[in-house]
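Trainee: This is my_file.pdb (PDB, C-alpha atoms, pLDDT in the B column).
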```pdb
ATOM      1  CA  MET A   1      25.565  -0.289  -3.639  1.00 58.00           C
ATOM      2  CA  SER A   2      23.159   2.278  -2.181  1.00 81.00           C
ATOM      3  CA  ASP A   3      19.638   1.391  -1.101  1.00 92.00           C
ATOM      4  CA  THR A   4      16.766   1.898  -3.540  1.00 93.00           C
ATOM      5  CA  ILE A   5      14.618   4.534  -1.844  1.00 96.00           C
ATOM      6  CA  ALA A   6      12.685   5.649  -4.943  1.00 96.00           C
ATOM      7  CA  TYR A   7      12.138   3.693  -8.145  1.00 94.00           C
ATOM      8  CA  LYS A   8      10.336   4.555 -11.357  1.00 95.00           C
ATOM      9  CA  ILE A   9       7.813   2.283 -13.111  1.00 93.00           C
ATOM     10  CA  ASP A  10       6.053   3.709 -16.139  1.00 94.00           C
ATOM     11  CA  ASN A  11       5.296   7.329 -15.240  1.00 96.00           C
ATOM     12  CA  ASN A  12       5.037   6.812 -11.481  1.00 97.00           C
ATOM     13  CA  LEU A  13       7.654   7.072  -8.733  1.00 98.00           C
ATOM     14  CA  TYR A  14       7.459   4.468  -5.965  1.00 97.00           C
ATOM     15  CA  ILE A  15       8.774   5.145  -2.464  1.00 98.00           C
ATOM     16  CA  ASN A  16      10.403   2.243  -0.594  1.00 97.00           C
ATOM     17  CA  LEU A  17      10.246   3.197   3.107  1.00 97.00           C
ATOM     18  CA  THR A  18      10.672  -0.122   4.914  1.00 97.00           C
ATOM     19  CA  ASN A  19      11.007  -3.880   4.560  1.00 95.00           C
ATOM     20  CA  GLU A  20       8.882  -4.509   7.645  1.00 96.00           C
ATOM     21  CA  CYS A  21       5.443  -6.029   7.074  1.00 97.00           C
ATOM     22  CA  SER A  22       2.692  -7.496   9.235  1.00 97.00           C
ATOM     23  CA  ASN A  23       1.917 -10.069   6.527  1.00 96.00           C
ATOM     24  CA  ASN A  24       3.939 -12.909   5.043  1.00 94.00           C
ATOM     25  CA  CYS A  25       1.783 -13.531   1.980  1.00 90.00           C
ATOM     26  CA  ASP A  26       2.317 -16.751   0.035  1.00 86.00           C
ATOM     27  CA  PHE A  27       2.282 -14.847  -3.281  1.00 82.00           C
ATOM     28  CA  CYS A  28       4.457 -11.877  -2.259  1.00 81.00           C
ATOM     29  CA  VAL A  29       7.147 -11.089  -4.835  1.00 79.00           C
ATOM     30  CA  ARG A  30       9.762 -10.583  -2.139  1.00 80.00           C
ATOM     31  CA  ASN A  31       9.487 -14.274  -1.212  1.00 78.00           C
ATOM     32  CA  HIS A  32      10.392 -15.297  -4.749  1.00 74.00           C
ATOM     33  CA  MET A  33      12.830 -12.691  -6.077  1.00 67.00           C
ATOM     34  CA  ASP A  34      15.483 -10.251  -4.908  1.00 71.00           C
ATOM     35  CA  LEU A  35      14.813  -7.829  -7.750  1.00 69.00           C
ATOM     36  CA  TYR A  36      11.475  -6.248  -8.678  1.00 77.00           C
ATOM     37  CA  GLU A  37      11.290  -4.629 -12.111  1.00 74.00           C
ATOM     38  CA  GLY A  38      15.105  -4.619 -12.027  1.00 74.00           C
ATOM     39  CA  TYR A  39      15.316  -2.827  -8.655  1.00 77.00           C
ATOM     40  CA  ASN A  40      16.762  -4.295  -5.455  1.00 84.00           C
ATOM     41  CA  LEU A  41      14.254  -3.191  -2.836  1.00 87.00           C
ATOM     42  CA  TRP A  42      15.891  -4.787   0.200  1.00 90.00           C
ATOM     43  CA  LEU A  43      16.965  -1.936   2.474  1.00 93.00           C
ATOM     44  CA  THR A  44      20.063  -2.015   4.688  1.00 94.00           C
ATOM     45  CA  LYS A  45      18.513   0.836   6.709  1.00 96.00           C
ATOM     46  CA  GLU A  46      15.241   2.739   6.622  1.00 97.00           C
ATOM     47  CA  PRO A  47      15.607   6.145   4.929  1.00 97.00           C
ATOM     48  CA  THR A  48      15.027   9.440   6.733  1.00 98.00           C
ATOM     49  CA  VAL A  49      12.422  11.924   5.526  1.00 98.00           C
ATOM     50  CA  ASP A  50      15.200  14.117   4.103  1.00 98.00           C
ATOM     51  CA  GLU A  51      16.700  11.155   2.235  1.00 97.00           C
ATOM     52  CA  VAL A  52      13.311  10.314   0.722  1.00 98.00           C
ATOM     53  CA  ILE A  53      12.714  13.915  -0.351  1.00 98.00           C
ATOM     54  CA  ALA A  54      16.178  14.006  -1.937  1.00 97.00           C
ATOM     55  CA  ALA A  55      15.476  10.728  -3.761  1.00 97.00           C
ATOM     56  CA  ILE A  56      12.186  12.101  -5.139  1.00 98.00           C
ATOM     57  CA  GLY A  57      13.728  15.254  -6.588  1.00 97.00           C
ATOM     58  CA  ASP A  58      11.381  17.043  -8.980  1.00 97.00           C
ATOM     59  CA  ALA A  59       8.092  15.237  -8.306  1.00 97.00           C
ATOM     60  CA  SER A  60       6.258  17.212 -10.997  1.00 96.00           C
ATOM     61  CA  GLN A  61       7.680  14.910 -13.682  1.00 96.00           C
ATOM     62  CA  TYR A  62       5.674  11.939 -12.365  1.00 98.00           C
ATOM     63  CA  GLY A  63       2.024  10.995 -12.730  1.00 97.00           C
ATOM     64  CA  GLU A  64       1.839   9.719  -9.175  1.00 98.00           C
ATOM     65  CA  ILE A  65       4.030   9.364  -6.096  1.00 98.00           C
ATOM     66  CA  VAL A  66       3.271   5.915  -4.659  1.00 98.00           C
ATOM     67  CA  PHE A  67       4.234   4.684  -1.212  1.00 98.00           C
ATOM     68  CA  CYS A  68       4.959   1.046  -1.972  1.00 94.00           C
ATOM     69  CA  GLY A  69       8.094  -1.061  -1.623  1.00 88.00           C
ATOM     70  CA  PHE A  70       9.036  -4.430  -0.140  1.00 90.00           C
ATOM     71  CA  GLY A  71       7.322  -3.571   3.160  1.00 95.00           C
ATOM     72  CA  GLU A  72       4.115  -2.089   4.551  1.00 98.00           C
ATOM     73  CA  PRO A  73       4.388   1.722   4.412  1.00 98.00           C
ATOM     74  CA  PHE A  74       2.257   2.252   7.537  1.00 98.00           C
ATOM     75  CA  TYR A  75       5.176   0.960   9.612  1.00 98.00           C
ATOM     76  CA  ARG A  76       6.711   4.352   8.700  1.00 98.00           C
ATOM     77  CA  PHE A  77       3.460   6.254   9.183  1.00 98.00           C
ATOM     78  CA  THR A  78       4.901   9.530  10.515  1.00 98.00           C
ATOM     79  CA  SER A  79       7.655   9.666   7.886  1.00 98.00           C
ATOM     80  CA  MET A  80       5.240   8.749   5.090  1.00 98.00           C
ATOM     81  CA  VAL A  81       2.849  11.562   6.044  1.00 98.00           C
ATOM     82  CA  ALA A  82       5.723  14.052   6.276  1.00 98.00           C
ATOM     83  CA  VAL A  83       6.894  13.135   2.763  1.00 98.00           C
ATOM     84  CA  ALA A  84       3.339  13.236   1.363  1.00 98.00           C
ATOM     85  CA  GLN A  85       2.765  16.663   2.905  1.00 98.00           C
ATOM     86  CA  TYR A  86       6.042  17.905   1.387  1.00 98.00           C
ATOM     87  CA  VAL A  87       5.056  16.587  -2.063  1.00 98.00           C
ATOM     88  CA  LYS A  88       1.625  18.221  -1.868  1.00 97.00           C
ATOM     89  CA  ALA A  89       3.070  21.530  -0.650  1.00 97.00           C
ATOM     90  CA  HIS A  90       5.607  21.777  -3.488  1.00 97.00           C
ATOM     91  CA  PHE A  91       4.213  19.891  -6.496  1.00 97.00           C
ATOM     92  CA  ASN A  92       0.943  19.387  -8.327  1.00 93.00           C
ATOM     93  CA  VAL A  93       1.114  15.593  -8.322  1.00 97.00           C
ATOM     94  CA  LYS A  94      -1.143  12.775  -7.124  1.00 98.00           C
ATOM     95  CA  THR A  95      -0.170  10.577  -4.172  1.00 98.00           C
ATOM     96  CA  ARG A  96      -1.118   6.975  -3.429  1.00 98.00           C
ATOM     97  CA  ILE A  97      -0.513   4.405  -0.701  1.00 98.00           C
ATOM     98  CA  ASN A  98      -0.458   0.693  -1.562  1.00 97.00           C
ATOM     99  CA  THR A  99      -1.219  -1.027   1.742  1.00 98.00           C
ATOM    100  CA  ASN A 100      -2.408  -4.249   3.345  1.00 97.00           C
ATOM    101  CA  GLY A 101      -5.009  -2.139   5.160  1.00 98.00           C
ATOM    102  CA  GLN A 102      -3.876  -3.023   8.677  1.00 98.00           C
ATOM    103  CA  ALA A 103      -2.949   0.589   9.457  1.00 98.00           C
ATOM    104  CA  MET A 104      -5.109   0.890  12.577  1.00 97.00           C
ATOM    105  CA  LEU A 105      -3.529  -2.250  14.069  1.00 98.00           C
ATOM    106  CA  ILE A 106       0.016  -1.296  13.063  1.00 98.00           C
ATOM    107  CA  VAL A 107      -0.094   2.336  14.189  1.00 98.00           C
ATOM    108  CA  GLY A 108      -2.535   1.823  17.053  1.00 96.00           C
ATOM    109  CA  GLU A 109      -4.595   4.927  16.320  1.00 94.00           C
ATOM    110  CA  ASN A 110      -6.916   6.441  13.737  1.00 95.00           C
ATOM    111  CA  VAL A 111      -4.521   7.400  10.932  1.00 97.00           C
ATOM    112  CA  ILE A 112      -7.086   8.844   8.535  1.00 97.00           C
ATOM    113  CA  PRO A 113      -7.114  12.472   9.783  1.00 97.00           C
ATOM    114  CA  SER A 114      -3.364  12.667   9.061  1.00 97.00           C
ATOM    115  CA  LEU A 115      -3.899  11.385   5.512  1.00 98.00           C
ATOM    116  CA  GLU A 116      -6.598  13.882   4.546  1.00 97.00           C
ATOM    117  CA  GLY A 117      -5.320  16.469   2.118  1.00 96.00           C
ATOM    118  CA  CYS A 118      -2.020  14.736   1.382  1.00 98.00           C
ATOM    119  CA  ILE A 119      -3.127  11.325   0.029  1.00 98.00           C
ATOM    120  CA  ASP A 120      -5.309  11.034  -3.080  1.00 98.00           C
ATOM    121  CA  THR A 121      -5.644   7.254  -3.348  1.00 98.00           C
ATOM    122  CA  ILE A 122      -5.541   4.346  -0.905  1.00 98.00           C
ATOM    123  CA  ASN A 123      -5.131   0.946  -2.591  1.00 98.00           C
ATOM    124  CA  ILE A 124      -5.883  -1.797  -0.059  1.00 98.00           C
ATOM    125  CA  SER A 125      -4.963  -5.405  -0.859  1.00 95.00           C
ATOM    126  CA  LEU A 126      -8.090  -7.403  -0.063  1.00 95.00           C
ATOM    127  CA  ASN A 127      -6.474 -10.642  -1.301  1.00 91.00           C
ATOM    128  CA  GLU A 128      -9.236 -12.956  -0.035  1.00 94.00           C
ATOM    129  CA  THR A 129     -12.958 -12.910   0.715  1.00 95.00           C
ATOM    130  CA  SER A 130     -13.095 -14.296   4.271  1.00 96.00           C
ATOM    131  CA  ALA A 131     -11.019 -13.897   7.421  1.00 97.00           C
ATOM    132  CA  GLU A 132     -10.128 -17.597   7.492  1.00 97.00           C
ATOM    133  CA  GLU A 133      -8.923 -17.680   3.873  1.00 95.00           C
ATOM    134  CA  TYR A 134      -7.098 -14.371   4.287  1.00 96.00           C
ATOM    135  CA  ASP A 135      -5.192 -15.721   7.285  1.00 97.00           C
ATOM    136  CA  LYS A 136      -4.228 -18.889   5.398  1.00 95.00           C
ATOM    137  CA  LEU A 137      -2.885 -16.838   2.492  1.00 93.00           C
ATOM    138  CA  CYS A 138      -1.397 -13.772   4.206  1.00 94.00           C
ATOM    139  CA  HIS A 139      -0.262 -15.094   7.594  1.00 96.00           C
ATOM    140  CA  SER A 140      -0.682 -11.753   9.361  1.00 97.00           C
ATOM    141  CA  VAL A 141       0.861 -11.243  12.785  1.00 98.00           C
ATOM    142  CA  PHE A 142      -2.636 -10.045  13.768  1.00 98.00           C
ATOM    143  CA  GLY A 143      -4.332 -13.314  12.755  1.00 97.00           C
ATOM    144  CA  GLU A 144      -7.876 -13.219  11.399  1.00 97.00           C
ATOM    145  CA  SER A 145      -8.494  -9.789  12.941  1.00 98.00           C
ATOM    146  CA  ALA A 146      -6.273  -8.360  10.163  1.00 98.00           C
ATOM    147  CA  TYR A 147      -9.010  -9.064   7.613  1.00 98.00           C
ATOM    148  CA  TYR A 148     -11.753  -7.371   9.619  1.00 98.00           C
ATOM    149  CA  SER A 149      -9.451  -4.434  10.331  1.00 97.00           C
ATOM    150  CA  LEU A 150      -8.692  -3.857   6.642  1.00 97.00           C
ATOM    151  CA  LEU A 151     -12.414  -3.819   5.829  1.00 98.00           C
ATOM    152  CA  ASP A 152     -13.021  -1.322   8.659  1.00 97.00           C
ATOM    153  CA  PHE A 153     -10.121   0.786   7.385  1.00 98.00           C
ATOM    154  CA  ALA A 154     -11.587   0.839   3.870  1.00 98.00           C
ATOM    155  CA  ARG A 155     -14.970   1.935   5.260  1.00 97.00           C
ATOM    156  CA  GLU A 156     -13.360   4.668   7.375  1.00 97.00           C
ATOM    157  CA  CYS A 157     -11.395   6.009   4.396  1.00 98.00           C
ATOM    158  CA  VAL A 158     -14.572   6.604   2.372  1.00 97.00           C
ATOM    159  CA  GLY A 159     -15.456  10.282   2.460  1.00 96.00           C
ATOM    160  CA  HIS A 160     -11.993  11.277   3.698  1.00 97.00           C
ATOM    161  CA  ILE A 161      -9.686   9.986   0.934  1.00 98.00           C
ATOM    162  CA  PRO A 162     -10.780  10.896  -2.626  1.00 98.00           C
ATOM    163  CA  ASN A 163     -10.121   7.470  -4.148  1.00 98.00           C
ATOM    164  CA  VAL A 164     -10.383   4.221  -2.147  1.00 98.00           C
ATOM    165  CA  VAL A 165      -9.665   0.932  -3.906  1.00 98.00           C
ATOM    166  CA  LEU A 166      -9.725  -2.702  -2.835  1.00 97.00           C
ATOM    167  CA  SER A 167      -7.564  -4.996  -4.947  1.00 94.00           C
ATOM    168  CA  VAL A 168      -7.344  -8.729  -5.552  1.00 91.00           C
ATOM    169  CA  VAL A 169      -5.215 -10.890  -7.822  1.00 83.00           C
ATOM    170  CA  ASP A 170      -6.827 -12.493 -10.846  1.00 80.00           C
ATOM    171  CA  ILE A 171      -6.177 -16.102  -9.731  1.00 75.00           C
ATOM    172  CA  LEU A 172      -8.876 -16.178  -7.039  1.00 78.00           C
ATOM    173  CA  GLY A 173     -11.424 -17.825  -9.311  1.00 81.00           C
ATOM    174  CA  GLU A 174     -14.711 -16.475 -10.609  1.00 87.00           C
ATOM    175  CA  GLU A 175     -16.780 -17.211  -7.499  1.00 92.00           C
ATOM    176  CA  LYS A 176     -14.411 -15.333  -5.165  1.00 92.00           C
ATOM    177  CA  LEU A 177     -13.968 -12.498  -7.651  1.00 91.00           C
ATOM    178  CA  GLU A 178     -17.740 -12.015  -7.653  1.00 93.00           C
ATOM    179  CA  LYS A 179     -17.749 -12.034  -3.849  1.00 95.00           C
ATOM    180  CA  ALA A 180     -14.903  -9.473  -3.842  1.00 95.00           C
ATOM    181  CA  LYS A 181     -16.928  -7.251  -6.165  1.00 95.00           C
ATOM    182  CA  LYS A 182     -19.858  -7.421  -3.718  1.00 96.00           C
ATOM    183  CA  ILE A 183     -17.606  -6.593  -0.747  1.00 97.00           C
ATOM    184  CA  ALA A 184     -16.246  -3.526  -2.559  1.00 97.00           C
ATOM    185  CA  LYS A 185     -19.719  -2.430  -3.657  1.00 97.00           C
ATOM    186  CA  ASP A 186     -21.130  -2.784  -0.129  1.00 97.00           C
ATOM    187  CA  ILE A 187     -18.311  -0.621   1.274  1.00 97.00           C
ATOM    188  CA  GLY A 188     -18.718   1.862  -1.578  1.00 97.00           C
ATOM    189  CA  VAL A 189     -15.241   1.567  -3.092  1.00 97.00           C
ATOM    190  CA  GLN A 190     -13.720   0.432  -6.372  1.00 95.00           C
ATOM    191  CA  LEU A 191     -12.373  -3.088  -6.940  1.00 95.00           C
ATOM    192  CA  ARG A 192      -9.163  -3.499  -8.913  1.00 94.00           C
ATOM    193  CA  ILE A 193      -8.373  -6.969 -10.238  1.00 89.00           C
ATOM    194  CA  ARG A 194      -4.610  -7.097 -10.698  1.00 82.00           C
ATOM    195  CA  GLU A 195      -2.498  -9.581 -12.608  1.00 73.00           C
ATOM    196  CA  TYR A 196      -0.679 -12.250 -10.631  1.00 65.00           C
ATOM    197  CA  ILE A 197       3.106 -11.880 -10.958  1.00 59.00           C
ATOM    198  CA  GLU A 198       4.943 -15.204 -11.182  1.00 58.00           C
TER
END
```
Could the structure of this file be written out as structure tokens, please?
Mentor:
Amino acid sequence: MSDTIAYKIDNNLYINLTNECSNNCDFCVRNHMDLYEGYNLWLTKEPTVDEVIAAIGDASQYGEIVFCGFGEPFYRFTSMVAVAQYVKAHFNVKTRINTNGQAMLIVGENVIPSLEGCIDTINISLNETSAEEYDKLCHSVFGESAYYSLLDFARECVGHIPNVVLSVVDILGEEKLEKAKKIAKDIGVQLRIREYIE
């Protein structure tokens, strides 16, 4: 069976670039299931840029091209940007990255200039409202600095990426949800409260 490089959910096409991730979140779907929405997202090898472009096909039929699979897309930063630039050059379609926000730590440089013009939305998983709680939940290889880095990344994206979103799952509890709303407001970005997937 061939690897799932691109998979459709609703009217969007999702791009599965890697299984590598800096987090090992307690709630992550890949810890609890082999299939997501009927797709096997475990890769036997990471796809090339040409393989991703072939898997996308006619991007104009989709509402959004989303870089999101079983891993953190910034581990394939150069390839992701190349694909996004191709999509923007050939199709009138929106692009989005779903990320844990640790791009600066993963790549080791300021990634934002490379994203300008080819990425419309950055959706950053906030997950928790303090570095200590984030580390307990997400178990990043970067420790508590991962939390501070994702907040810095969100701030840096403002003014360079048209749509910057922080997201949390709806099981945090009302007090933390209110704190998350304040964090997003202080940074100047939207907060998306997403449904927890069993």
Trainee: Smallest atom-to-atom distance to Gly101 of chain A: which of A:Cys157, A:Leu177, A:Met80, A:Ala59, using only C-alpha atoms?
Mentor: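 Residue with the minimum atom-to-atom distance to Gly101 of chain A: A:Cys157.
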Trainee: Write out as a list in words the residues lying within 7 Å of Leu191 of chain A, counting all atoms listed in the file and excluding same-chain residues fewer than 3 positions away.
Mentor: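 Near neighbours after the sequence-gap exclusion: Val165, Leu166, Ser167, Lys181 and Ala184 of chain A.
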Trainee: Those residues you just picked out, can you put them in a file as a PDB file, in the frame of the given file with C-alpha atoms?
Mentor:
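File out38.pdb, as written:
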```pdb
ATOM      1  CA  VAL A 165      -9.665   0.932  -3.906  1.00 98.00           C
ATOM      2  CA  LEU A 166      -9.725  -2.702  -2.835  1.00 97.00           C
ATOM      3  CA  SER A 167      -7.564  -4.996  -4.947  1.00 94.00           C
ATOM      4  CA  LYS A 181     -16.928  -7.251  -6.165  1.00 95.00           C
ATOM      5  CA  ALA A 184     -16.246  -3.526  -2.559  1.00 97.00           C
TER       6      ALA A 184
END
```
Trainee: Could you check the closest approach to Ala55 of chain A for each of A:Ile119, A:Leu13, A:Leu172, A:Ile124 and tell me which residue wins, using only C-alpha atoms?
Mentor: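 Among the listed residues, A:Leu13 lies closest to Ala55 of chain A.
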Trainee: Compute the distance from (6.6, 1.7, -2.0) to each atom, counting all atoms listed in the file, keep the residues with any atom at most 9 Å away, and return them as a ChimeraX atom specification; use the coordinates of the file.
Mentor: /A:5-7,13-18,66-73,97-98
Trainee: Expressed in Å to a single decimal, how great is the separation between atom CA of Val81 of chain A and atom CA of Val107 of chain A?
Mentor: 12.7 Å
Trainee: Which residues would end up in the selection if the PyMOL selection byres ((chain A and resi 116) around 12) were applied here, given that I need the answer as a PyMOL selection string?
Mentor: chain A and resi 81+84-85+88+95-96+110-115+117-122+156-163
Trainee: Have a look at A:Ile56, A:Ala103, A:Val141, A:Ile65 and name the one nearest to Thr78 of chain A; count all atoms listed in the file.
Mentor: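 Once distances to Thr78 of chain A are computed over all atoms listed in the file, the minimum belongs to A:Ala103.
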Trainee: Have a look at atom CA of Ser125 of chain A and atom CA of Phe153 of chain A and let me know their distance in Å, one decimal.
Mentor: 11.5 Å
Trainee: Would you pick out the contacts of Ile53 of chain A at 8 Å or less, using only C-alpha atoms, so that residues sharing its chain but fewer than 3 positions from it are not included, and give the list as a PDB file with C-alpha atoms, in the coordinates of the input?
Mentor:
```pdb
ATOM      1  CA  VAL A  49      12.422  11.924   5.526  1.00 98.00           C
ATOM      2  CA  ASP A  50      15.200  14.117   4.103  1.00 98.00           C
ATOM      3  CA  ILE A  56      12.186  12.101  -5.139  1.00 98.00           C
ATOM      4  CA  GLY A  57      13.728  15.254  -6.588  1.00 97.00           C
ATOM      5  CA  VAL A  83       6.894  13.135   2.763  1.00 98.00           C
ATOM      6  CA  TYR A  86       6.042  17.905   1.387  1.00 98.00           C
TER       7      TYR A  86
END
```
Trainee: Selection in question (the file shown): the PyMOL selection byres ((chain A and resi 130) around 10). Which residues does it include, as an MDAnalysis selection string?
Mentor: chainID A and resid 126:129 131:135 144 147:148 176 179:180
Trainee: Could you tell me which of A:Ile193, A:Ala146, A:Ile106, A:Ile187 comes closest to Val169 of chain A if we count only C-alpha atoms?
Mentor: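 Nearest candidate to Val169 of chain A out of A:Ile193, A:Ala146, A:Ile106, A:Ile187: A:Ile193.
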Trainee: Given the file shown, determine the residues that the PyMOL selection byres ((chain A and resi 43) around 8) selects; report them as a ChimeraX atom specification.
Mentor: /A:3-4,18-19,41-42,44-46
Trainee: Just how far from atom CA of Leu105 of chain A is atom CA of Gly188 of chain A, in Å to one decimal?
Mentor: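 We find that atom CA of Gly188 of chain A and atom CA of Leu105 of chain A lie 22.2 Å from each other.
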Trainee: Any chance you could build segment 57-75 of chain A out to N, CA and C atoms and write it as a PDB file, in the frame of the given file?
Mentor:
```pdb
ATOM      1  N   GLY A  57      13.316  14.174  -5.685  1.00 97.00           N
ATOM      2  CA  GLY A  57      13.728  15.254  -6.588  1.00 97.00           C
ATOM      3  C   GLY A  57      12.528  16.052  -7.076  1.00 97.00           C
ATOM      4  N   ASP A  58      12.477  16.281  -8.381  1.00 97.00           N
ATOM      5  CA  ASP A  58      11.381  17.043  -8.980  1.00 97.00           C
ATOM      6  C   ASP A  58      10.178  16.126  -9.201  1.00 97.00           C
ATOM      7  N   ALA A  59       9.247  16.142  -8.254  1.00 97.00           N
ATOM      8  CA  ALA A  59       8.092  15.237  -8.306  1.00 97.00           C
ATOM      9  C   ALA A  59       7.126  15.573  -9.430  1.00 97.00           C
ATOM     10  N   SER A  60       7.221  16.793  -9.972  1.00 96.00           N
ATOM     11  CA  SER A  60       6.258  17.212 -10.997  1.00 96.00           C
ATOM     12  C   SER A  60       6.385  16.418 -12.291  1.00 96.00           C
ATOM     13  N   GLN A  61       7.483  15.696 -12.464  1.00 96.00           N
ATOM     14  CA  GLN A  61       7.680  14.910 -13.682  1.00 96.00           C
ATOM     15  C   GLN A  61       6.941  13.571 -13.662  1.00 96.00           C
ATOM     16  N   TYR A  62       6.327  13.243 -12.511  1.00 98.00           N
ATOM     17  CA  TYR A  62       5.674  11.939 -12.365  1.00 98.00           C
ATOM     18  C   TYR A  62       4.150  12.071 -12.351  1.00 98.00           C
ATOM     19  N   GLY A  63       3.481  11.020 -12.781  1.00 97.00           N
ATOM     20  CA  GLY A  63       2.024  10.995 -12.730  1.00 97.00           C
ATOM     21  C   GLY A  63       1.516  10.823 -11.315  1.00 97.00           C
ATOM     22  N   GLU A  64       2.265  10.040 -10.536  1.00 98.00           N
ATOM     23  CA  GLU A  64       1.839   9.719  -9.175  1.00 98.00           C
ATOM     24  C   GLU A  64       3.075   9.406  -8.333  1.00 98.00           C
ATOM     25  N   ILE A  65       3.041   9.804  -7.079  1.00 98.00           N
ATOM     26  CA  ILE A  65       4.030   9.364  -6.096  1.00 98.00           C
ATOM     27  C   ILE A  65       3.350   8.286  -5.267  1.00 98.00           C
ATOM     28  N   VAL A  66       3.926   7.076  -5.271  1.00 98.00           N
ATOM     29  CA  VAL A  66       3.271   5.915  -4.659  1.00 98.00           C
ATOM     30  C   VAL A  66       4.127   5.367  -3.521  1.00 98.00           C
ATOM     31  N   PHE A  67       3.536   5.282  -2.345  1.00 98.00           N
ATOM     32  CA  PHE A  67       4.234   4.684  -1.212  1.00 98.00           C
ATOM     33  C   PHE A  67       4.032   3.175  -1.265  1.00 98.00           C
ATOM     34  N   CYS A  68       5.049   2.493  -1.752  1.00 94.00           N
ATOM     35  CA  CYS A  68       4.959   1.046  -1.972  1.00 94.00           C
ATOM     36  C   CYS A  68       6.353   0.499  -2.229  1.00 94.00           C
ATOM     37  N   GLY A  69       6.800  -0.416  -1.400  1.00 88.00           N
ATOM     38  CA  GLY A  69       8.094  -1.061  -1.623  1.00 88.00           C
ATOM     39  C   GLY A  69       8.003  -2.519  -1.229  1.00 88.00           C
ATOM     40  N   PHE A  70       9.059  -3.038  -0.579  1.00 90.00           N
ATOM     41  CA  PHE A  70       9.036  -4.430  -0.140  1.00 90.00           C
ATOM     42  C   PHE A  70       8.375  -4.594   1.229  1.00 90.00           C
ATOM     43  N   GLY A  71       7.959  -3.491   1.856  1.00 95.00           N
ATOM     44  CA  GLY A  71       7.322  -3.571   3.160  1.00 95.00           C
ATOM     45  C   GLY A  71       6.015  -2.802   3.190  1.00 95.00           C
ATOM     46  N   GLU A  72       5.390  -2.785   4.345  1.00 98.00           N
ATOM     47  CA  GLU A  72       4.115  -2.089   4.551  1.00 98.00           C
ATOM     48  C   GLU A  72       4.402  -0.645   4.971  1.00 98.00           C
ATOM     49  N   PRO A  73       4.008   0.328   4.133  1.00 98.00           N
ATOM     50  CA  PRO A  73       4.388   1.722   4.412  1.00 98.00           C
ATOM     51  C   PRO A  73       3.861   2.286   5.726  1.00 98.00           C
ATOM     52  N   PHE A  74       2.783   1.715   6.281  1.00 98.00           N
ATOM     53  CA  PHE A  74       2.257   2.252   7.537  1.00 98.00           C
ATOM     54  C   PHE A  74       3.169   1.964   8.732  1.00 98.00           C
ATOM     55  N   TYR A  75       4.166   1.103   8.568  1.00 98.00           N
ATOM     56  CA  TYR A  75       5.176   0.960   9.612  1.00 98.00           C
ATOM     57  C   TYR A  75       6.037   2.217   9.721  1.00 98.00           C
TER      58      TYR A  75
END
```
